[in-house]
Amino acid sequence: MEVTKEEFVQWTESPVTKAVFSTIDQRIRDAQEILGNTAGDDPVADRYLVGMIRAFNELKGIDYDD
C-alpha cells in the first residue's frame, strides 16, 4: 500500500493516532515502573516487559521514510 507524505502527516495529526500514541507512552512508563520495582524477581517477565518496551518504541519511531 502506498501512502503519500500528506496522508502520513494527516495520520500523525489525527486525534485517534495521538490517543493511541499517548496510550503507548503510558504503557511504556508503566512497564518501566514495574521493571524498576521487580527486576530480577522473574527473568521471563523481565524479558517480556523489555520486549514490550522495545516494540512500543519501534512503533513510536515510524516515520514517512520507513
# chains A, B, ... in the order shown; residues from 1 in each chain; ligands from 1
>>> residues_around(residues="range 30-37 of chain A", least_positions_apart="6", cutoff="12 Å", atoms="only C-alpha atoms", output="compact mmCIF listing (two decimals) with N, CA and C atoms, in the first residue's frame")
# COMPACT_ATOMS: atom_id res chain seq x y z
N THR A 23 -1.42 6.44 24.73
CA THR A 23 -1.58 5.17 25.45
C THR A 23 -0.29 4.37 25.42
N ILE A 24 0.37 4.34 24.27
CA ILE A 24 1.66 3.65 24.16
C ILE A 24 2.66 4.26 25.13
N PRO A 43 12.90 -13.48 35.66
CA PRO A 43 13.60 -13.12 34.43
C PRO A 43 12.73 -13.21 33.17
N VAL A 44 11.80 -14.14 33.13
CA VAL A 44 10.92 -14.26 31.96
C VAL A 44 10.03 -13.02 31.85
N ALA A 45 9.46 -12.60 32.97
CA ALA A 45 8.62 -11.40 32.97
C ALA A 45 9.46 -10.17 32.62
N ASP A 46 10.70 -10.12 33.11
CA ASP A 46 11.59 -9.01 32.78
C ASP A 46 11.80 -8.93 31.27
N ARG A 47 12.09 -10.06 30.65
CA ARG A 47 12.32 -10.09 29.20
C ARG A 47 11.07 -9.69 28.43
N TYR A 48 9.92 -10.13 28.91
CA TYR A 48 8.65 -9.76 28.27
C TYR A 48 8.47 -8.25 28.30
N LEU A 49 8.67 -7.64 29.47
CA LEU A 49 8.49 -6.20 29.60
C LEU A 49 9.50 -5.43 28.76
N VAL A 50 10.74 -5.88 28.75
CA VAL A 50 11.76 -5.22 27.93
C VAL A 50 11.38 -5.32 26.45
N GLY A 51 10.92 -6.48 26.02
CA GLY A 51 10.49 -6.65 24.63
C GLY A 51 9.31 -5.76 24.29
N MET A 52 8.37 -5.64 25.22
CA MET A 52 7.22 -4.79 25.01
C MET A 52 7.66 -3.33 24.85
N ILE A 53 8.55 -2.89 25.72
CA ILE A 53 9.04 -1.51 25.65
C ILE A 53 9.75 -1.28 24.31
N ARG A 54 10.57 -2.22 23.91
CA ARG A 54 11.29 -2.08 22.64
C ARG A 54 10.32 -2.02 21.46
N PHE A 56 7.11 -1.08 21.50
CA PHE A 56 6.39 0.19 21.52
C PHE A 56 7.28 1.33 21.04
>>> residues_around(residues="Asp63 in chain A", least_positions_apart="2", cutoff="12 Å", atoms="only C-alpha atoms", output="ChimeraX atom specification")
/A:3-5,7-9,11-12,58-61,65-66
>>> closest_residue(among="A:Arg27, A:Pro15, A:Phe21, A:Thr38", to="Ile62 in chain A", atoms="only C-alpha atoms")
A:Phe21
>>> atom_distance(atom1="CA of Ala55 in chain A", atom2="CA of Thr17 in chain A")
16.8 Å
>>> atom_distance(atom1="CA of Ser22 in chain A", atom2="CA of Met1 in chain A")
25.8 Å
>>> select_by_dssp(residues="chain A", states="alpha helix (DSSP H)", output="ChimeraX atom specification")
/A:5-13,15-38,43-60
>>> closest_residue(among="A:Asp25, A:Ala19, A:Glu6, A:Asp42", to="Tyr64 in chain A", atoms="only C-alpha atoms")
A:Glu6
>>> decode(residues="range 24-46 of chain A", atoms="N, CA, C and O atoms", output="compact mmCIF listing (two decimals), in the first residue's frame")
# COMPACT_ATOMS: atom_id res chain seq x y z
N ILE A 24 0.37 4.34 24.27
CA ILE A 24 1.66 3.65 24.16
C ILE A 24 2.66 4.26 25.13
O ILE A 24 3.37 3.52 25.83
N ASP A 25 2.73 5.58 25.20
CA ASP A 25 3.65 6.24 26.14
C ASP A 25 3.34 5.82 27.58
O ASP A 25 4.27 5.55 28.36
N GLN A 26 2.07 5.77 27.93
CA GLN A 26 1.69 5.39 29.29
C GLN A 26 2.09 3.94 29.58
O GLN A 26 2.58 3.61 30.66
N ARG A 27 1.88 3.07 28.61
CA ARG A 27 2.24 1.66 28.81
C ARG A 27 3.75 1.48 28.95
O ARG A 27 4.21 0.62 29.70
N ILE A 28 4.52 2.28 28.23
CA ILE A 28 5.97 2.24 28.39
C ILE A 28 6.34 2.66 29.81
O ILE A 28 7.14 1.99 30.48
N ARG A 29 5.76 3.75 30.28
CA ARG A 29 6.06 4.21 31.64
C ARG A 29 5.65 3.17 32.68
O ARG A 29 6.38 2.91 33.63
N ASP A 30 4.49 2.55 32.48
CA ASP A 30 4.02 1.51 33.41
C ASP A 30 5.00 0.34 33.45
O ASP A 30 5.35 -0.16 34.52
N ALA A 31 5.43 -0.11 32.27
CA ALA A 31 6.36 -1.25 32.20
C ALA A 31 7.70 -0.88 32.85
O ALA A 31 8.29 -1.71 33.55
N GLN A 32 8.16 0.33 32.62
CA GLN A 32 9.42 0.77 33.23
C GLN A 32 9.29 0.81 34.76
O GLN A 32 10.22 0.42 35.47
N GLU A 33 8.15 1.25 35.24
CA GLU A 33 7.93 1.28 36.69
C GLU A 33 7.91 -0.13 37.27
O GLU A 33 8.53 -0.39 38.31
N ILE A 34 7.23 -1.03 36.58
CA ILE A 34 7.20 -2.42 37.04
C ILE A 34 8.61 -2.99 37.09
O ILE A 34 9.00 -3.62 38.07
N LEU A 35 9.38 -2.76 36.02
CA LEU A 35 10.75 -3.25 35.99
C LEU A 35 11.58 -2.65 37.11
O LEU A 35 12.39 -3.34 37.74
N GLY A 36 11.37 -1.37 37.36
CA GLY A 36 12.11 -0.71 38.42
C GLY A 36 11.83 -1.30 39.80
O GLY A 36 12.69 -1.29 40.67
N ASN A 37 10.63 -1.82 39.97
CA ASN A 37 10.23 -2.38 41.26
C ASN A 37 10.46 -3.89 41.39
O ASN A 37 10.55 -4.39 42.52
N THR A 38 10.52 -4.59 40.26
CA THR A 38 10.54 -6.06 40.35
C THR A 38 11.65 -6.72 39.55
O THR A 38 11.71 -7.96 39.51
N ALA A 39 12.50 -5.96 38.89
CA ALA A 39 13.54 -6.56 38.04
C ALA A 39 14.34 -7.60 38.83
O ALA A 39 14.74 -7.37 39.96
N GLY A 40 14.51 -8.74 38.20
CA GLY A 40 15.26 -9.83 38.81
C GLY A 40 14.39 -10.86 39.51
O GLY A 40 14.82 -11.98 39.72
N ASP A 41 13.17 -10.49 39.86
CA ASP A 41 12.28 -11.44 40.53
C ASP A 41 11.86 -12.58 39.60
O ASP A 41 11.74 -13.72 40.01
N ASP A 42 11.59 -12.22 38.34
CA ASP A 42 11.14 -13.19 37.34
C ASP A 42 11.77 -12.82 36.01
O ASP A 42 11.27 -11.95 35.30
N PRO A 43 12.90 -13.48 35.66
CA PRO A 43 13.60 -13.12 34.43
C PRO A 43 12.73 -13.21 33.17
O PRO A 43 12.91 -12.42 32.24
N VAL A 44 11.80 -14.14 33.13
CA VAL A 44 10.92 -14.26 31.96
C VAL A 44 10.03 -13.02 31.85
O VAL A 44 9.87 -12.45 30.77
N ALA A 45 9.46 -12.60 32.97
CA ALA A 45 8.62 -11.40 32.97
C ALA A 45 9.46 -10.17 32.62
O ALA A 45 8.99 -9.29 31.89
N ASP A 46 10.70 -10.12 33.11
CA ASP A 46 11.59 -9.01 32.78
C ASP A 46 11.80 -8.93 31.27
O ASP A 46 11.69 -7.86 30.66
